[in-house]
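Containing compact mmCIF, C-alpha atoms: upload-v5.txt.
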```txt
# COMPACT_ATOMS: atom_id res chain seq x y z
CA MET A 350 -124.01 -67.32 9.77
CA LYS A 351 -122.26 -65.35 12.48
CA MET A 352 -119.55 -67.96 12.78
CA LYS A 353 -119.03 -68.00 9.02
CA ALA A 354 -118.81 -64.21 8.84
CA GLY A 355 -116.36 -64.23 11.71
CA CYS A 356 -114.18 -66.75 9.90
CA ASN A 357 -114.23 -64.66 6.72
CA GLN A 358 -113.13 -61.62 8.68
CA LEU A 359 -110.31 -63.52 10.36
CA LYS A 360 -108.91 -65.12 7.21
CA PRO A 361 -107.04 -62.00 5.95
CA ALA A 362 -105.61 -61.29 9.40
CA VAL A 363 -104.48 -64.90 9.85
CA LEU A 364 -102.93 -64.91 6.39
CA VAL A 365 -100.99 -61.72 7.11
CA LEU A 366 -99.81 -63.14 10.44
CA ILE A 367 -98.59 -66.36 8.78
CA VAL A 368 -96.73 -64.41 6.09
CA LYS A 369 -95.06 -62.21 8.73
CA LEU A 370 -94.04 -65.22 10.81
CA CYS A 371 -92.58 -67.00 7.80
CA PHE A 372 -90.71 -63.89 6.72
CA CYS A 373 -89.28 -63.27 10.18
CA ALA A 374 -88.22 -66.88 10.53
CA SER A 375 -86.43 -66.91 7.18
CA TYR A 376 -84.89 -63.44 7.40
CA GLN A 377 -81.71 -62.96 9.35
CA PRO A 378 -79.55 -59.87 8.82
CA LYS A 379 -76.05 -60.74 7.69
CA ASP A 380 -74.50 -59.01 10.68
CA LEU A 381 -76.45 -61.19 13.13
CA GLN A 382 -75.02 -64.40 11.68
CA VAL A 383 -71.89 -63.85 13.73
CA CYS A 384 -74.01 -64.38 16.85
CA GLU A 385 -74.31 -68.08 15.95
CA LEU A 386 -70.69 -68.49 14.90
CA CYS A 387 -70.04 -70.92 17.74
CA SER A 388 -72.20 -72.78 20.23
CA GLY A 389 -73.30 -71.47 23.58
CA ALA A 390 -74.42 -68.05 24.70
CA VAL A 391 -72.96 -65.06 26.46
CA LEU A 392 -72.59 -65.84 30.16
CA ASN A 393 -73.92 -63.30 32.64
CA GLY A 394 -70.63 -63.29 34.55
CA SER A 395 -68.47 -62.71 31.47
CA ALA A 396 -67.14 -59.30 30.45
CA VAL A 397 -69.61 -59.03 27.57
CA GLY A 398 -72.43 -60.32 29.77
CA GLN A 399 -71.78 -57.69 32.42
CA PHE A 400 -71.51 -55.00 29.75
CA CYS A 401 -74.81 -56.12 28.21
CA SER A 402 -76.58 -56.09 31.56
CA SER A 403 -75.30 -52.62 32.46
CA SER A 404 -76.28 -51.19 29.05
CA ALA A 405 -79.84 -52.60 29.09
CA GLY A 406 -79.07 -54.96 26.21
CA ARG A 407 -80.43 -58.38 25.28
CA ILE A 408 -78.43 -61.60 24.89
CA GLU A 409 -78.82 -63.40 21.58
CA GLY A 410 -76.38 -66.28 21.12
CA ARG A 411 -72.89 -64.80 21.34
CA CYS A 412 -74.13 -61.22 20.92
CA CYS A 413 -75.45 -58.39 23.02
CA LEU A 414 -78.20 -56.59 21.11
CA ARG A 415 -79.65 -53.19 21.85
CA ARG A 416 -81.83 -50.59 20.16
CA ASP A 417 -81.80 -46.89 20.90
CA ASN A 418 -85.58 -46.60 20.55
CA THR A 419 -88.50 -48.80 19.58
CA SER A 420 -88.46 -47.68 15.95
CA ASP A 421 -84.80 -48.58 15.37
CA PRO A 422 -83.62 -52.13 14.56
CA GLU A 423 -81.52 -53.96 17.12
CA ARG A 424 -77.77 -53.54 16.72
CA ILE A 425 -74.85 -55.62 17.95
CA THR A 426 -73.11 -53.71 20.73
CA GLY A 427 -71.22 -56.59 22.36
CA LEU A 428 -69.69 -59.74 20.85
CA ASP A 429 -68.31 -62.69 22.83
CA LEU A 430 -66.32 -65.02 20.57
CA SER A 431 -64.10 -66.37 23.32
CA ASN A 432 -63.14 -70.05 23.18
CA CYS A 433 -64.55 -70.48 19.66
CA SER A 434 -61.44 -72.15 18.15
CA LEU A 435 -60.96 -69.18 15.83
CA THR A 436 -57.70 -68.85 13.92
CA HIS A 437 -58.62 -65.57 12.20
CA VAL A 438 -61.33 -62.90 12.46
CA GLU A 439 -61.03 -61.20 9.07
CA GLY A 440 -64.48 -60.95 7.49
CA LEU A 441 -66.33 -62.09 10.63
CA LEU A 442 -67.31 -58.75 12.12
CA GLY A 443 -69.42 -57.59 9.19
CA THR A 444 -70.49 -53.96 9.10
CA SER A 445 -71.76 -53.59 12.65
CA ARG A 446 -70.28 -50.21 13.45
CA ALA A 447 -72.19 -50.11 16.73
CA ILE A 448 -70.03 -52.83 18.35
CA MET A 449 -68.51 -51.44 21.53
CA MET A 450 -66.96 -54.56 23.10
CA ILE A 451 -65.40 -57.72 21.62
CA ASP A 452 -63.98 -60.72 23.48
CA LEU A 453 -61.64 -62.89 21.38
CA SER A 454 -59.80 -64.56 24.24
CA LEU A 455 -59.03 -68.30 24.44
CA ASN A 456 -58.69 -68.63 20.65
CA PRO A 457 -55.64 -69.98 18.73
CA ILE A 458 -55.26 -66.68 16.87
CA VAL A 459 -51.71 -65.97 15.70
CA ASN A 460 -52.18 -62.47 14.34
CA ILE A 461 -55.01 -60.09 13.46
CA SER A 462 -54.99 -57.60 10.62
CA ASP A 463 -55.92 -54.05 11.53
CA ALA A 464 -58.30 -54.08 8.56
CA ALA A 465 -60.54 -56.57 10.42
CA PHE A 466 -61.65 -53.72 12.70
CA GLN A 467 -61.94 -51.06 10.02
CA GLY A 468 -65.17 -49.10 10.35
CA LEU A 469 -65.79 -50.04 14.01
CA ILE A 470 -65.88 -46.46 15.20
CA GLU A 471 -67.73 -47.27 18.45
CA LEU A 472 -65.35 -50.05 19.52
CA ASP A 473 -64.01 -49.18 22.96
CA PHE A 474 -62.85 -52.46 24.53
CA ILE A 475 -61.23 -55.62 23.15
CA ILE A 476 -60.05 -58.74 24.95
CA LEU A 477 -57.36 -60.62 23.01
CA PRO A 478 -55.01 -63.55 23.61
CA GLU A 479 -51.90 -62.28 25.39
CA HIS A 480 -49.57 -62.68 22.39
CA VAL A 481 -51.85 -60.78 19.98
CA HIS A 482 -51.27 -57.03 19.71
CA CYS A 483 -54.07 -54.50 19.90
CA PRO A 484 -55.36 -53.44 16.45
CA GLY A 485 -53.55 -50.32 15.36
CA GLY A 486 -50.87 -50.81 18.03
CA ASN A 487 -50.69 -49.37 21.52
CA THR A 488 -50.86 -45.82 20.16
CA SER A 489 -54.45 -46.45 19.03
CA TRP A 490 -55.67 -47.10 22.56
CA ALA A 491 -55.78 -45.06 25.73
CA LYS A 492 -54.93 -48.08 27.90
CA VAL A 493 -53.30 -51.42 27.07
CA GLU A 494 -52.51 -54.04 29.70
CA VAL A 495 -51.90 -57.77 30.02
CA LYS A 496 -54.01 -59.38 32.70
CA GLY A 497 -55.01 -62.97 33.43
CA GLY A 498 -53.41 -64.28 30.23
CA ASN A 499 -55.28 -61.79 28.06
CA ARG A 500 -54.42 -58.49 26.42
CA LEU A 501 -56.91 -55.72 27.15
CA CYS A 502 -57.26 -52.79 24.74
CA GLU A 503 -59.40 -50.02 26.16
CA GLY A 504 -60.43 -46.59 24.92
CA GLN A 505 -60.06 -46.26 21.15
CA ILE A 506 -58.17 -43.07 20.31
CA ASN A 507 -59.54 -40.69 17.71
CA TRP A 508 -56.81 -40.10 15.12
CA CYS A 509 -58.49 -36.88 14.02
CA ASN A 510 -58.33 -33.77 16.18
CA GLN A 511 -60.88 -33.44 18.95
CA THR A 512 -63.07 -30.99 17.08
CA GLY A 513 -63.45 -33.24 14.04
CA GLN A 514 -62.61 -30.34 11.74
CA LEU A 515 -59.68 -29.83 9.41
CA SER A 516 -56.83 -32.23 10.11
CA ILE A 517 -53.23 -32.56 8.97
CA ASN A 518 -54.07 -36.20 8.14
CA CYS A 519 -56.47 -35.11 5.38
CA PRO A 520 -56.01 -32.90 2.31
CA GLU A 521 -56.80 -29.22 2.49
CA ASN A 522 -60.52 -28.35 2.35
CA SER A 523 -61.53 -31.72 3.82
CA LEU A 524 -62.78 -33.02 7.17
CA CYS A 525 -61.39 -35.94 9.15
CA ALA A 526 -63.55 -38.60 10.80
CA PRO A 527 -62.50 -41.74 12.75
CA TYR A 528 -62.95 -45.07 10.98
CA GLY A 529 -61.75 -47.68 13.46
CA PRO A 530 -58.48 -48.29 15.34
CA SER A 531 -55.66 -46.43 13.50
CA PHE A 532 -58.02 -45.61 10.62
CA PHE A 533 -59.64 -42.37 9.56
CA GLU A 534 -61.55 -41.14 6.53
CA CYS A 535 -61.57 -37.77 4.82
CA SER A 536 -64.58 -36.09 3.26
CA CYS A 537 -64.73 -32.82 1.39
CA ALA A 538 -65.86 -29.79 3.35
CA ASP A 539 -68.94 -27.86 2.29
CA ASP A 540 -68.68 -26.26 -1.14
CA PHE A 541 -65.69 -28.42 -2.14
CA HIS A 542 -65.53 -31.58 -4.27
CA GLY A 543 -63.39 -33.48 -6.74
CA TYR A 544 -59.90 -34.93 -6.49
CA LYS A 545 -58.41 -34.05 -3.09
CA CYS A 546 -61.32 -31.62 -2.63
CA LEU A 547 -59.57 -29.05 -4.82
CA ARG A 548 -62.66 -27.94 -6.75
CA ARG A 549 -64.94 -25.38 -5.21
CA GLY A 550 -68.65 -24.91 -5.82
CA GLU A 551 -71.53 -27.32 -6.22
CA PHE A 552 -70.94 -30.60 -7.98
CA PRO A 553 -72.04 -30.18 -11.64
CA GLY A 554 -74.58 -32.94 -11.50
CA LEU A 555 -76.62 -31.67 -14.46
CA LEU A 556 -73.57 -31.45 -16.71
CA VAL A 557 -72.40 -34.94 -15.71
CA PHE A 558 -75.66 -36.88 -15.57
CA GLY A 559 -77.65 -34.87 -18.15
CA PRO A 560 -75.79 -36.13 -21.25
CA LEU A 561 -75.62 -39.61 -19.74
CA GLY A 562 -79.40 -39.67 -19.27
CA ALA A 563 -79.99 -38.36 -22.80
CA VAL A 564 -77.75 -41.03 -24.31
CA THR A 565 -79.52 -43.73 -22.28
CA VAL A 566 -82.96 -42.57 -23.42
CA ALA A 567 -81.84 -42.33 -27.06
CA ALA A 568 -80.33 -45.81 -26.96
CA SER A 569 -83.50 -47.22 -25.39
CA LEU A 570 -85.69 -45.63 -28.09
CA LEU A 571 -83.43 -46.92 -30.85
CA LEU A 572 -83.50 -50.43 -29.40
CA TRP A 573 -87.30 -50.29 -29.06
CA VAL A 574 -87.73 -49.19 -32.69
CA THR A 575 -85.39 -51.84 -34.09
CA GLN A 576 -87.01 -54.59 -32.07
CA ARG A 577 -90.46 -53.32 -33.01
CA ARG A 578 -89.73 -53.79 -36.69
CA LYS A 579 -88.88 -57.44 -36.12
CA VAL A 580 -92.29 -58.15 -34.56
CA LYS A 581 -94.53 -59.90 -37.05
CA PRO A 582 -98.18 -58.88 -37.11
CA LEU A 583 -100.66 -61.54 -36.03
```

Let me see the file written as structure tokens.
Amino acid sequence: MKMKAGCNQLKPAVLVLIVKLCFCASYQPKDLQVCELCSGAVLNGSAVGQFCSSSAGRIEGRCCLRRDNTSDPERITGLDLSNCSLTHVEGLLGTSRAIMMIDLSLNPIVNISDAAFQGLIELDFIILPEHVHCPGGNTSWAKVEVKGGNRLCEGQINWCNQTGQLSINCPENSLCAPYGPSFFECSCADDFHGYKCLRRGEFPGLLVFGPLGAVTVAASLLLWVTQRRKVKPL
């Protein structure tokens, strides 16, 4: 009897554990797929490997993963795609804005679009083939040098002013924020909205969404009534 009761008590826990294991095995965030883009793993002696070790990260395939605290998910902070036979990188970097270092050396890359690095606001160091220019040009980086057959781009420059407040790059009544090498984005300052942030005051959400909600409800009721009439009684 005791053994049977024990088994009954364990069944729900075992079932939950199996479901969690199956879910974890089948779930892989889209951003982490780049870690398995080519075979091998980050070497400890490589630039990304040394960066990962010094930043208390964890190696996963070609990525360095790190979380700020135990409640946060792991994020890609380093990416080693060297010697992966890549001819382009557009669309490979996903939306991992936490990436701080990327190694793209030893790849037959001819040219890289600046848009490939759009949104990577934390990116601070890139290793490229010697003939490939730094994204955004030399003016987007504090230091650019050619060394050992590679081009090193270090220290992404913030195209907004240092205070992050109003900028000549953005319309009046808006704030400037970096958005990757040579990119920036503008958002309306407090109490401003609309086209080029020209309208002042709170966004008229009730006036905009109120009629839309009323029309939606009315259309739903009308559809329900018309469909209800077509239902034949049993």

Just how far from atom CA of Cys384 of chain A is atom CA of Lys496 of chain A, in Å to one decimal?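 Separation of atom CA of Lys496 of chain A and atom CA of Cys384 of chain A: 26.0 Å.
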
Using all atoms listed in the file, what does the table of segment 396-430 of chain A residues within 12 Å of segment 463-470 of chain A look like, with each row giving the shortest atom pair and its distance in Å to one decimal, sorted by chain and ascending number, as JSON lines?
```
{"residue": "A:Ile425", "atom": "CA", "partner": "A:Leu469", "partner_atom": "CA", "distance": 11.3}
{"residue": "A:Thr426", "atom": "CA", "partner": "A:Leu469", "partner_atom": "CA", "distance": 10.6}
{"residue": "A:Gly427", "atom": "CA", "partner": "A:Leu469", "partner_atom": "CA", "distance": 11.9}
```

Would you save the residues from that selection as a short mmCIF file (atom, residue, chain, number, x, y, z; two decimals), in the coordinates of the input, using C-alpha atoms?
```cif
data_model
loop_
_atom_site.label_atom_id
_atom_site.label_comp_id
_atom_site.auth_asym_id
_atom_site.auth_seq_id
_atom_site.Cartn_x
_atom_site.Cartn_y
_atom_site.Cartn_z
CA ILE A 425 -74.85 -55.62 17.95
CA THR A 426 -73.11 -53.71 20.73
CA GLY A 427 -71.22 -56.59 22.36
#
```

Which residue of A:Ile506, A:Ile408, A:Leu570, A:Leu501 approaches Ser489 of chain A most closely, using all atoms listed in the file: A:Ile506

Here is a test: counting all atoms listed in the file, which residue of A:Leu381, A:Ala526, A:Ala491, A:Ile458 is nearest to Cys433 of chain A?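 Among A:Leu381, A:Ala526, A:Ala491, A:Ile458, it is A:Ile458 that comes nearest to Cys433 of chain A.
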
Exercise: Leu547 of chain A partners within 10 Å, all atoms listed in the file, chain neighbours under 2 positions left out, as a ChimeraX atom specification: /A:520-523,537,541-545,549

Those residues with C-alpha atoms, as a compact mmCIF listing (two decimals), in the frame of the given file please?
```
# COMPACT_ATOMS: atom_id res chain seq x y z
CA PRO A 520 -56.01 -32.90 2.31
CA GLU A 521 -56.80 -29.22 2.49
CA ASN A 522 -60.52 -28.35 2.35
CA SER A 523 -61.53 -31.72 3.82
CA CYS A 537 -64.73 -32.82 1.39
CA PHE A 541 -65.69 -28.42 -2.14
CA HIS A 542 -65.53 -31.58 -4.27
CA GLY A 543 -63.39 -33.48 -6.74
CA TYR A 544 -59.90 -34.93 -6.49
CA LYS A 545 -58.41 -34.05 -3.09
CA ARG A 549 -64.94 -25.38 -5.21
```

Correct to one decimal, the distance atom CA of His480 of chain A-atom CA of Arg500 of chain A is 7.6 Å

What does the distance between atom CA of Gly486 of chain A and atom CA of Leu453 of chain A come to in Å, to one decimal place? 16.5 Å

Could you check which of A:Ala563, A:Leu428, A:Ile448, A:Leu524 is closest to Gln399 of chain A, using all atoms listed in the file?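 Nearest to Gln399 of chain A: A:Leu428.
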
Using all atoms listed in the file: which of A:Ser431, A:Ser402, A:Asn507, A:Thr565 has the shortest distance to Pro527 of chain A: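 The shortest atom-to-atom distance to Pro527 of chain A comes from A:Asn507.
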
Which one is closest to Phe400 of chain A: A:Leu455, A:Glu503, A:Asn460, A:Phe474? Count only C-alpha atoms.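 Checking each of A:Leu455, A:Glu503, A:Asn460, A:Phe474 against Phe400 of chain A, counting only C-alpha atoms, the winner is A:Phe474.
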
Mind listing whatever residues come within 12 Å of the point (-71.4, -67.2, 29.9)? Use all atoms listed in the file, file coordinates, and give them as a CSV table (one decimal) with C-alpha atoms, in the frame of the given file.
```csv
chain,number,residue,atom,x,y,z
A,388,SER,CA,-72.2,-72.8,20.2
A,389,GLY,CA,-73.3,-71.5,23.6
A,390,ALA,CA,-74.4,-68.0,24.7
A,391,VAL,CA,-73.0,-65.1,26.5
A,392,LEU,CA,-72.6,-65.8,30.2
A,393,ASN,CA,-73.9,-63.3,32.6
A,394,GLY,CA,-70.6,-63.3,34.6
A,395,SER,CA,-68.5,-62.7,31.5
A,396,ALA,CA,-67.1,-59.3,30.4
A,397,VAL,CA,-69.6,-59.0,27.6
A,398,GLY,CA,-72.4,-60.3,29.8
A,399,GLN,CA,-71.8,-57.7,32.4
A,401,CYS,CA,-74.8,-56.1,28.2
A,408,ILE,CA,-78.4,-61.6,24.9
A,409,GLU,CA,-78.8,-63.4,21.6
A,410,GLY,CA,-76.4,-66.3,21.1
A,411,ARG,CA,-72.9,-64.8,21.3
A,412,CYS,CA,-74.1,-61.2,20.9
A,413,CYS,CA,-75.4,-58.4,23.0
A,428,LEU,CA,-69.7,-59.7,20.8
A,429,ASP,CA,-68.3,-62.7,22.8
A,430,LEU,CA,-66.3,-65.0,20.6
A,431,SER,CA,-64.1,-66.4,23.3
A,432,ASN,CA,-63.1,-70.0,23.2
A,452,ASP,CA,-64.0,-60.7,23.5
```
